[in-house]
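Trainee: work.tsv (TSV, C-alpha atoms and all ligand atoms) pasted underneath:
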```tsv
chain	number	residue	atom	x	y	z
A	1066	MET	CA	30.87	144.83	-30.15
A	1067	ASN	CA	30.37	148.55	-30.29
A	1068	THR	CA	26.81	149.13	-29.29
A	1069	GLY	CA	26.73	152.90	-29.91
A	1070	THR	CA	23.86	154.48	-31.73
A	1071	HIS	CA	24.85	153.12	-35.11
A	1072	ILE	CA	22.80	150.07	-35.80
A	1073	GLU	CA	22.14	149.90	-39.52
A	1074	HIS	CA	21.25	146.46	-40.70
A	1075	ASN	CA	21.59	146.91	-44.41
A	1076	THR	CA	24.43	149.41	-44.61
A	1077	PRO	CA	27.56	147.76	-45.96
A	1078	ALA	CA	30.66	147.88	-43.75
A	1079	VAL	CA	32.66	149.25	-46.67
A	1080	GLU	CA	31.56	150.71	-49.97
A	1081	LEU	CA	34.12	151.83	-52.54
A	1082	ILE	CA	32.75	153.40	-55.70
A	1083	ASN	CA	35.01	154.12	-58.67
A	1084	LEU	CA	37.81	154.83	-56.22
A	1085	HIS	CA	41.07	156.31	-57.49
A	1086	LYS	CA	44.28	157.34	-55.76
A	1087	SER	CA	47.27	158.66	-57.69
A	1088	PHE	CA	50.67	159.64	-56.38
A	1089	THR	CA	53.37	161.77	-57.91
A	1090	PRO	CA	56.53	159.67	-57.82
A	1091	LEU	CA	59.14	160.93	-55.33
A	1092	THR	CA	61.66	161.32	-58.15
A	1093	GLY	CA	59.24	163.75	-59.81
A	1094	LYS	CA	59.96	161.90	-63.03
A	1095	GLY	CA	57.48	159.97	-65.11
A	1096	GLY	CA	53.70	160.10	-64.90
A	1097	LYS	CA	51.57	159.68	-61.82
A	1098	VAL	CA	51.43	156.31	-60.10
A	1099	ARG	CA	47.85	155.08	-60.20
A	1100	ALA	CA	48.00	153.15	-56.94
A	1101	VAL	CA	44.23	152.54	-56.91
A	1102	ASP	CA	42.70	152.78	-60.34
A	1103	GLY	CA	38.91	152.58	-60.37
A	1104	VAL	CA	37.95	150.17	-57.61
A	1105	ASP	CA	34.31	149.24	-56.92
A	1106	LEU	CA	33.89	147.05	-53.88
A	1107	THR	CA	31.15	146.41	-51.33
A	1108	ILE	CA	31.89	144.50	-48.14
A	1109	ASP	CA	28.91	143.51	-46.04
A	1110	SER	CA	28.83	143.25	-42.28
A	1111	GLY	CA	30.15	139.94	-41.02
A	1112	GLU	CA	32.26	139.12	-44.08
A	1113	ILE	CA	35.89	138.04	-43.87
A	1114	VAL	CA	37.61	139.35	-46.96
A	1115	ALA	CA	41.20	138.87	-48.11
A	1116	LEU	CA	42.78	141.46	-50.37
A	1117	LEU	CA	45.34	139.42	-52.21
A	1118	GLY	CA	47.96	140.82	-54.53
A	1119	PRO	CA	51.66	141.17	-55.22
A	1120	ASN	CA	53.82	144.10	-54.08
A	1121	GLY	CA	52.52	147.39	-55.40
A	1122	ALA	CA	49.04	146.06	-56.23
A	1123	GLY	CA	47.37	148.90	-54.30
A	1124	LYS	CA	46.21	146.97	-51.24
A	1125	THR	CA	47.73	149.26	-48.60
A	1126	THR	CA	46.57	152.37	-50.42
A	1127	ALA	CA	43.01	151.03	-50.53
A	1128	LEU	CA	43.10	150.13	-46.82
A	1129	ASP	CA	44.59	153.54	-45.96
A	1130	MET	CA	41.59	155.21	-47.59
A	1131	ILE	CA	39.16	152.95	-45.67
A	1132	LEU	CA	40.95	154.00	-42.47
A	1133	GLY	CA	40.83	157.68	-43.42
A	1134	PHE	CA	44.65	157.99	-43.44
A	1135	THR	CA	44.57	159.31	-46.96
A	1136	SER	CA	41.85	160.81	-49.18
A	1137	PRO	CA	40.86	159.49	-52.58
A	1138	THR	CA	41.94	161.42	-55.67
A	1139	SER	CA	38.41	160.74	-56.91
A	1140	GLY	CA	35.53	158.40	-56.21
A	1141	THR	CA	33.78	157.50	-52.98
A	1142	CYS	CA	34.90	155.62	-49.89
A	1143	LEU	CA	32.20	154.96	-47.30
A	1144	VAL	CA	32.53	153.07	-44.02
A	1145	TYR	CA	29.16	152.18	-42.47
A	1146	GLY	CA	27.59	154.69	-44.82
A	1147	GLY	CA	29.67	157.66	-43.59
A	1148	SER	CA	33.18	159.00	-43.85
A	1149	PRO	CA	36.07	156.75	-42.74
A	1150	ARG	CA	37.13	159.41	-40.25
A	1151	HIS	CA	33.71	159.36	-38.61
A	1152	ALA	CA	33.83	155.55	-38.33
A	1153	VAL	CA	37.32	155.64	-36.79
A	1154	GLN	CA	36.38	158.38	-34.33
A	1155	HIS	CA	33.39	156.34	-33.18
A	1156	GLY	CA	35.49	153.23	-32.63
A	1157	ARG	CA	33.67	151.32	-35.35
A	1158	VAL	CA	36.81	150.51	-37.30
A	1159	SER	CA	40.35	149.87	-36.19
A	1160	ALA	CA	43.47	148.41	-37.67
A	1161	VAL	CA	46.41	146.12	-37.06
A	1162	LEU	CA	49.16	147.66	-39.13
A	1163	GLN	CA	52.64	146.32	-39.55
A	1164	THR	CA	54.31	149.60	-38.92
A	1165	GLY	CA	52.17	151.16	-36.19
A	1166	ALA	CA	54.64	152.89	-33.89
A	1167	LEU	CA	54.90	151.59	-30.31
A	1168	LEU	CA	56.68	153.18	-27.36
A	1169	ASP	CA	59.68	151.02	-26.40
A	1170	ASP	CA	59.82	151.99	-22.72
A	1171	LEU	CA	56.24	151.07	-21.85
A	1172	THR	CA	55.12	147.56	-21.04
A	1173	VAL	CA	52.47	145.89	-23.14
A	1174	ARG	CA	49.84	146.51	-20.45
A	1175	GLU	CA	50.90	150.15	-19.99
A	1176	THR	CA	50.61	150.69	-23.74
A	1177	LEU	CA	47.03	149.41	-23.70
A	1178	ALA	CA	46.18	151.51	-20.64
A	1179	MET	CA	47.54	154.62	-22.30
A	1180	ILE	CA	45.63	154.10	-25.55
A	1181	ALA	CA	42.47	153.12	-23.64
A	1182	THR	CA	42.27	156.65	-22.21
A	1183	GLN	CA	41.73	157.93	-25.76
A	1184	HIS	CA	38.61	155.81	-26.32
A	1185	SER	CA	35.27	156.88	-24.90
A	1186	HIS	CA	34.29	153.23	-24.74
A	1187	HIS	CA	36.69	150.28	-24.54
A	1188	MET	CA	36.81	146.68	-23.42
A	1189	PRO	CA	38.67	145.83	-20.18
A	1190	ILE	CA	42.42	145.74	-20.72
A	1191	ASP	CA	42.76	142.18	-19.42
A	1192	GLN	CA	40.15	141.05	-21.89
A	1193	ALA	CA	41.98	142.68	-24.81
A	1194	LEU	CA	45.23	141.04	-23.65
A	1195	ASP	CA	43.54	137.68	-23.39
A	1196	ARG	CA	41.81	137.83	-26.75
A	1197	ALA	CA	44.99	138.86	-28.52
A	1198	GLY	CA	47.01	136.12	-26.78
A	1199	ALA	CA	49.19	138.72	-25.06
A	1200	THR	CA	48.54	137.95	-21.37
A	1201	SER	CA	51.75	135.96	-20.89
A	1202	PHE	CA	53.95	138.92	-21.82
A	1203	ALA	CA	51.70	141.75	-20.57
A	1204	ASP	CA	54.36	143.07	-18.17
A	1205	ARG	CA	57.23	142.94	-20.67
A	1206	LYS	CA	58.65	146.16	-22.09
A	1207	VAL	CA	57.74	146.69	-25.73
A	1208	SER	CA	61.46	146.90	-26.59
A	1209	LYS	CA	61.92	143.34	-25.29
A	1210	CYS	CA	59.00	141.90	-27.28
A	1211	SER	CA	59.63	139.87	-30.43
A	1212	GLY	CA	58.15	141.00	-33.75
A	1213	GLY	CA	55.29	138.51	-33.36
A	1214	GLU	CA	54.58	139.71	-29.79
A	1215	GLN	CA	54.50	143.30	-30.95
A	1216	GLN	CA	51.98	142.27	-33.61
A	1217	ARG	CA	49.83	140.72	-30.89
A	1218	LEU	CA	50.04	143.96	-28.92
A	1219	ARG	CA	48.88	145.83	-32.03
A	1220	PHE	CA	46.02	143.35	-32.29
A	1221	ALA	CA	45.07	143.98	-28.63
A	1222	LEU	CA	45.17	147.74	-29.29
A	1223	ALA	CA	42.89	147.29	-32.29
A	1224	LEU	CA	40.40	145.28	-30.22
A	1225	LEU	CA	40.19	147.85	-27.42
A	1226	PRO	CA	37.39	149.99	-28.91
A	1227	GLU	CA	35.44	146.82	-29.78
A	1228	PRO	CA	35.34	147.72	-33.45
A	1229	ASP	CA	32.74	146.34	-35.84
A	1230	LEU	CA	35.33	146.32	-38.62
A	1231	LEU	CA	38.93	145.18	-38.23
A	1232	ILE	CA	41.44	146.06	-40.92
A	1233	LEU	CA	44.65	144.04	-41.02
A	1234	ASP	CA	47.51	144.92	-43.34
A	1235	GLU	CA	49.76	141.87	-43.67
A	1236	PRO	CA	49.18	141.11	-40.01
A	1237	THR	CA	51.35	138.02	-39.77
A	1238	ALA	CA	54.43	139.32	-41.58
A	1239	GLY	CA	57.44	138.36	-39.48
A	1240	MET	CA	55.61	135.70	-37.47
A	1241	ASP	CA	56.76	132.09	-37.45
A	1242	VAL	CA	54.38	129.26	-38.32
A	1243	ASN	CA	53.14	128.75	-34.73
A	1244	ALA	CA	52.61	132.43	-34.07
A	1245	ARG	CA	50.77	132.72	-37.38
A	1246	ARG	CA	48.48	129.82	-36.48
A	1247	ASP	CA	47.74	131.28	-33.03
A	1248	PHE	CA	47.07	134.68	-34.54
A	1249	TRP	CA	44.53	133.32	-37.00
A	1250	ALA	CA	42.87	131.23	-34.29
A	1251	ALA	CA	42.38	134.42	-32.25
A	1252	MET	CA	41.10	136.22	-35.34
A	1253	HIS	CA	38.65	133.39	-36.04
A	1254	ALA	CA	37.22	133.89	-32.56
A	1255	GLU	CA	36.72	137.60	-33.32
A	1256	ALA	CA	35.00	136.77	-36.61
A	1257	GLU	CA	32.68	134.41	-34.76
A	1258	ARG	CA	31.76	137.29	-32.49
A	1259	GLY	CA	30.44	138.96	-35.65
A	1260	ARG	CA	33.22	141.36	-36.53
A	1261	THR	CA	33.86	142.15	-40.18
A	1262	ILE	CA	37.48	141.47	-41.06
A	1263	VAL	CA	39.38	142.77	-44.08
A	1264	PHE	CA	43.01	141.78	-44.44
A	1265	ALA	CA	45.72	142.31	-47.02
A	1266	THR	CA	48.11	139.49	-47.67
A	1267	HIS	CA	50.64	138.13	-50.14
A	1268	TYR	CA	49.97	134.65	-48.87
A	1269	LEU	CA	47.49	132.63	-50.84
A	1270	GLU	CA	47.41	130.05	-48.14
A	1271	GLU	CA	46.24	132.61	-45.60
A	1272	ALA	CA	43.60	133.98	-47.95
A	1273	ASP	CA	42.46	130.47	-48.78
A	1274	GLN	CA	42.29	129.21	-45.22
A	1275	PHE	CA	40.87	132.21	-43.49
A	1276	ALA	CA	38.77	134.35	-45.84
A	1277	ASP	CA	35.22	133.70	-47.05
A	1278	ARG	CA	35.93	135.85	-50.03
A	1279	ILE	CA	39.09	136.74	-51.93
A	1280	VAL	CA	39.52	139.99	-53.81
A	1281	VAL	CA	42.55	139.73	-56.08
A	1282	MET	CA	44.19	143.09	-56.80
A	1283	GLY	CA	46.85	143.93	-59.35
A	1284	ALA	CA	48.03	147.24	-60.78
A	1285	GLY	CA	45.46	149.16	-58.69
A	1286	ARG	CA	42.48	147.23	-59.98
A	1287	ILE	CA	40.31	144.36	-58.88
A	1288	LEU	CA	41.13	141.39	-61.06
A	1289	ALA	CA	38.89	138.83	-59.45
A	1290	ASP	CA	36.43	138.69	-56.60
A	1291	GLY	CA	34.87	135.51	-55.30
A	1292	THR	CA	35.19	132.48	-53.10
A	1293	THR	CA	38.43	130.51	-53.35
A	1294	GLU	CA	36.65	128.01	-55.58
A	1295	GLU	CA	35.43	130.78	-57.86
A	1296	ILE	CA	38.91	132.30	-58.09
A	1297	ARG	CA	40.33	128.93	-59.09
A	1298	ALA	CA	37.64	128.38	-61.66
A	1299	LEU	CA	38.29	131.68	-63.42
A	1300	GLY	CA	39.79	131.77	-66.86
A	1301	GLY	CA	39.91	128.06	-67.63
A	1302	LEU	CA	42.08	127.23	-64.69
A	1303	ARG	CA	41.81	123.55	-65.24
A	1304	THR	CA	44.01	121.75	-67.70
A	1305	VAL	CA	43.80	118.55	-69.67
A	1306	SER	CA	47.03	116.59	-69.72
A	1307	VAL	CA	47.61	113.62	-72.08
A	1308	ARG	CA	50.28	111.51	-73.68
A	1309	TRP	CA	50.09	112.88	-77.21
A	1310	ASN	CA	50.49	110.43	-80.09
A	1311	SER	CA	52.63	111.71	-82.97
A	1312	ASP	CA	50.30	109.95	-85.43
A	1313	ASP	CA	48.00	112.93	-84.78
A	1314	GLY	CA	50.69	115.33	-86.02
A	1315	ASP	CA	51.90	118.32	-84.10
A	1316	ALA	CA	49.83	119.25	-80.98
A	1317	ALA	CA	50.24	123.00	-81.60
A	1318	THR	CA	48.79	122.58	-85.11
A	1319	ALA	CA	45.96	120.42	-83.80
A	1320	LEU	CA	44.99	123.06	-81.23
A	1321	ALA	CA	42.73	124.97	-83.61
A	1322	GLU	CA	40.65	121.80	-84.16
A	1323	ILE	CA	40.02	121.17	-80.46
A	1324	PRO	CA	36.83	122.76	-79.13
A	1325	GLY	CA	37.24	124.63	-75.85
A	1326	ALA	CA	41.06	124.72	-76.05
A	1327	GLU	CA	43.05	127.95	-76.04
A	1328	SER	CA	46.66	126.95	-75.47
A	1329	VAL	CA	48.96	123.97	-75.42
A	1330	ARG	CA	52.38	123.30	-73.92
A	1331	GLY	CA	54.70	120.37	-73.39
A	1332	GLU	CA	55.47	119.21	-69.87
A	1333	GLY	CA	58.08	116.44	-69.99
A	1334	GLU	CA	56.47	113.52	-71.79
A	1335	ARG	CA	53.01	114.99	-71.47
A	1336	THR	CA	51.09	117.58	-73.46
A	1337	VAL	CA	48.89	120.01	-71.55
A	1338	PHE	CA	45.87	121.83	-72.99
A	1339	THR	CA	44.24	124.81	-71.28
A	1340	GLY	CA	40.94	126.46	-72.10
A	1341	PRO	CA	37.56	127.49	-70.77
A	1342	ASP	CA	35.89	124.12	-71.41
A	1343	THR	CA	38.04	121.24	-70.20
A	1344	ASP	CA	35.17	118.75	-70.65
A	1345	ALA	CA	34.98	119.55	-74.37
A	1346	ILE	CA	38.76	119.31	-74.70
A	1347	ALA	CA	38.81	115.92	-72.97
A	1348	HIS	CA	35.91	114.61	-75.06
A	1349	HIS	CA	37.60	115.62	-78.30
A	1350	LEU	CA	40.97	114.18	-77.32
A	1351	LEU	CA	39.41	110.84	-76.37
A	1352	THR	CA	37.18	110.54	-79.43
A	1353	HIS	CA	39.20	112.18	-82.22
A	1354	THR	CA	42.84	111.54	-81.35
A	1355	LYS	CA	45.07	108.70	-80.23
A	1356	SER	CA	45.97	110.55	-77.00
A	1357	SER	CA	46.18	108.30	-73.95
A	1358	ASP	CA	46.41	108.51	-70.16
A	1359	LEU	CA	44.19	111.60	-69.94
A	1360	LEU	CA	44.08	113.66	-66.74
A	1361	ILE	CA	42.03	116.74	-65.93
A	1362	VAL	CA	44.04	118.77	-63.46
A	1363	GLN	CA	42.88	121.59	-61.22
A	1364	VAL	CA	45.39	124.43	-61.42
A	1365	PRO	CA	46.66	125.27	-57.91
A	1366	LEU	CA	45.39	128.55	-56.53
A	1367	GLU	CA	48.97	129.82	-56.54
A	1368	GLU	CA	49.17	129.51	-60.31
A	1369	ALA	CA	45.71	130.99	-60.79
A	1370	PHE	CA	46.82	134.02	-58.79
A	1371	VAL	CA	50.13	134.43	-60.62
A	1372	GLY	CA	48.30	134.15	-63.95
A	1373	LEU	CA	45.76	136.80	-63.01
A	1374	THR	CA	48.27	139.33	-61.69
A	1375	HIS	CA	50.58	138.75	-64.64
A	1376	GLN	CA	47.73	139.55	-67.04
A	1377	ALA	CA	47.00	142.78	-65.13
A	1378	GLN	CA	50.61	143.94	-65.19
A	1379	GLN	CA	50.79	143.32	-68.94
A	1380	SER	CA	47.61	145.22	-69.69
A	1381	ALA	CA	48.64	148.12	-67.39
A	1382	ALA	CA	52.08	148.40	-69.06
A	1401	LIG	N1	53.04	157.89	-50.76
A	1401	LIG	C1	53.31	157.37	-51.96
A	1401	LIG	N2	53.98	158.10	-52.89
A	1401	LIG	C2	54.27	157.61	-54.11
A	1401	LIG	N3	53.90	156.37	-54.54
A	1401	LIG	C3	53.22	155.60	-53.65
A	1401	LIG	C4	52.91	156.05	-52.33
A	1401	LIG	N4	52.24	155.06	-51.69
A	1401	LIG	C5	52.14	154.02	-52.56
A	1401	LIG	N5	52.74	154.35	-53.73
A	1401	LIG	C6	52.82	153.51	-54.94
A	1401	LIG	O1	51.50	153.02	-55.21
A	1401	LIG	C7	51.54	151.67	-55.66
A	1401	LIG	C8	50.66	150.81	-54.77
A	1401	LIG	O2	51.28	150.70	-53.48
A	1401	LIG	P1	50.62	149.94	-52.24
A	1401	LIG	O3	51.55	150.11	-51.09
A	1401	LIG	O4	49.22	150.37	-52.08
A	1401	LIG	O5	50.64	148.43	-52.76
A	1401	LIG	P2	50.48	147.09	-51.92
A	1401	LIG	O6	49.61	146.21	-52.74
A	1401	LIG	O7	50.02	147.37	-50.54
A	1401	LIG	O8	51.97	146.54	-51.91
A	1401	LIG	P3	52.76	145.75	-50.74
A	1401	LIG	O9	52.20	144.37	-50.79
A	1401	LIG	O10	54.16	145.83	-51.21
A	1401	LIG	O11	52.50	146.45	-49.45
A	1401	LIG	C9	53.00	151.27	-55.67
A	1401	LIG	O12	53.49	151.45	-56.98
A	1401	LIG	C10	53.63	152.25	-54.70
A	1401	LIG	O13	54.98	152.46	-55.03
```
Any chance you could put this one into structure tokens?
Mentor:
Amino acid sequence: MNTGTHIEHNTPAVELINLHKSFTPLTGKGGKVRAVDGVDLTIDSGEIVALLGPNGAGKTTALDMILGFTSPTSGTCLVYGGSPRHAVQHGRVSAVLQTGALLDDLTVRETLAMIATQHSHHMPIDQALDRAGATSFADRKVSKCSGGEQQRLRFALALLPEPDLLILDEPTAGMDVNARRDFWAAMHAEAERGRTIVFATHYLEEADQFADRIVVMGAGRILADGTTEEIRALGGLRTVSVRWNSDDGDAATALAEIPGAESVRGEGERTVFTGPDTDAIAHHLLTHTKSSDLLIVQVPLEEAFVGLTHQAQQSAA
């Protein structure tokens, strides 16, 4: 861990306040693209946060601002209470990016040695190789490394300055299942050492398994922010499924009479009600209708996520 002179116990790792970033489309046609559109987000030291969202949600743009690669159009972006550039220069934050350029003709170890010269303080190269799971191919030329191996090299490079905050933009893209598992195991070890980790992903499974907290982004905004359980629980994401009895008339007509219910749909032989209060729906169906075989079903996180991002795209349109 970077032991420099920057020990602030209560300063958040990242603080974004009403952050905006707009781009003029390359075609020059149409209005500006609001890639990040009013984001407020505080990430405390030691948190592991997933930024989850579909393509174009604004995840990379937000991370680029935290890394000082690009400046906000308006709003504030603080890293450890100062500018992102200051934090990067002092080795407090580093990144594993998908596209970080590597020199083909160097070996993995030579690449680390070269970059190490640019840091005033860095961990021993063998240690960085070991922690990133790159020791076995340390003497291989970068050009001969697989995509997953190159990602591990990028991870070793990011660890070199012993950053307090690690930013990962879709770090496991292109890795197979085993490589992905190994990568997250190594990352877990870094989190246990107390590093703050912020990663962008399209994969719910990764967010669910690895993060303490999930921030769902869509159309440049934060749509939800909480633990996986909280994300699932948002917006009535449980359903009540029954065998509807036609003696009770049409289920769509009955909907208005059912407390806590907002929508109804048919699913094969079953009828599924959704709404903020599934207990009230279930109680009503059991006591006021001839419905049978009642089930309360937890909506999978996948569906919760699709529902949230779909709502955002519609309201942004
Ligand atoms: N340099 C740029 N010039 C113009 N538009 C841009 C630029 N960078 C990003 N955008 C646009 O901003 C929006 C957000 O893009 P961003 O890359 O931040 O999303 P993302 O959530 O990271 O997506 P992905 O998961 O595909 O990486 C998109 O509509 C994108 O086309």
Trainee: For stretch 1256-1268 of chain A, find every residue with an atom within 10 Å (counting only C-alpha atoms), except residues of its own chain fewer than 4 positions away, and show them as a PyMOL selection string.
Mentor: chain A and resi 1066-1067+1078-1079+1108-1120+1123-1125+1127-1128+1158+1160-1161+1227-1238+1250-1252+1272-1273+1275-1276+1278-1282+1367
Trainee: Using only C-alpha atoms, can you tell me which of A:His1085, A:His1349, A:Lys1355, A:Arg1219 comes closest to A:Ile1180?
Mentor: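 That would be A:Arg1219, the residue with the smallest distance to A:Ile1180.
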Trainee: Do a neighbour search on A:Cys1142 at 10 Å with all atoms listed in the file, toss out local chain neighbours closer than 6 positions, and write the hits as a list of chain:residue names.
Mentor: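 Listed by chain and then number, they are A:Val1079, A:Glu1080, A:Leu1081, A:Ile1082, A:Asn1083, A:Leu1084, A:His1085, A:Val1104, A:Asp1105, A:Leu1106, A:Ala1127, A:Met1130, A:Ile1131, A:Leu1132, A:Gly1133, A:Ser1136, A:Ser1148, A:Pro1149.
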Trainee: As JSON, please: the centre and edge lengths in Å, to one decimal, of an axis-aligned box enclosing every listed atom of ligand LIG 1401 (chain A) with 3 Å added on each side.
Mentor:
```
{"center_x": 52.1, "center_y": 151.2, "center_z": -53.2, "size_x": 11.8, "size_y": 19.7, "size_z": 13.5}
```
Trainee: Report, in Å to a single decimal, how far apart atom CA of A:Gly1147 and atom N3 of ligand LIG 1401 (chain A) are.
Mentor: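 We find that atom N3 of ligand LIG 1401 (chain A) and atom CA of A:Gly1147 lie 26.6 Å from each other.
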Trainee: Please determine, counting only C-alpha atoms and all ligand atoms, which residue among A:Pro1226, A:Gly1285, A:Gly1291, A:Gly1140 has the shortest atom-to-atom distance to ligand LIG 1401 (chain A).
Mentor: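 Ranked by minimum distance to ligand LIG 1401 (chain A), first place goes to A:Gly1285.
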Trainee: Taking only C-alpha atoms and all ligand atoms into account, name the residue in A:Met1179, A:Ala1345, A:Ala1284, A:Val1173 that is nearest to ligand LIG 1401 (chain A).
Mentor: A:Ala1284
Trainee: Record the distance separating atom CA of A:Ser1311 and atom CA of A:Gln1363, expressed in Å with one decimal.
Mentor: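 Distance reported for this atom pair: 25.8 Å.
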Trainee: So, counting all atoms listed in the file, which residue among A:Arg1150, A:Arg1157, A:Ile1190, A:Ile1287 is closest to ligand LIG 1401 (chain A)?
Mentor: A:Ile1287
Trainee: Closest to ligand LIG 1401 (chain A) among A:Gly1121, A:Gly1103, A:Gly1156, A:Gly1213, using only C-alpha atoms and all ligand atoms?
Mentor: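 Going through A:Gly1121, A:Gly1103, A:Gly1156, A:Gly1213 one by one, the smallest distance to ligand LIG 1401 (chain A) is for A:Gly1121.
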Trainee: For A:Leu1168, find every residue with an atom within 12 Å (counting all atoms listed in the file), except residues of its own chain fewer than 6 positions away, and show them as a list in words.
Mentor: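 Residues near the query, excluding close chain neighbours: Arg1174, Glu1175, Thr1176, Leu1177, Met1179, Ile1180, Lys1206, Val1207, Ser1208, Lys1209, Cys1210, Gln1215, Leu1218 and Arg1219 of chain A.
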Trainee: For ligand LIG 1401 (chain A), which of A:Arg1196, A:His1186, A:His1151, A:Arg1286 is the closest residue, counting all atoms listed in the file?
Mentor: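 Closest candidate: A:Arg1286.
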Trainee: For the atom pair atom C5 of ligand LIG 1401 (chain A) and atom CA of A:Thr1135, what is the interatomic distance in Å to one decimal place?
Mentor: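 We find that atom C5 of ligand LIG 1401 (chain A) and atom CA of A:Thr1135 lie 10.8 Å from each other.
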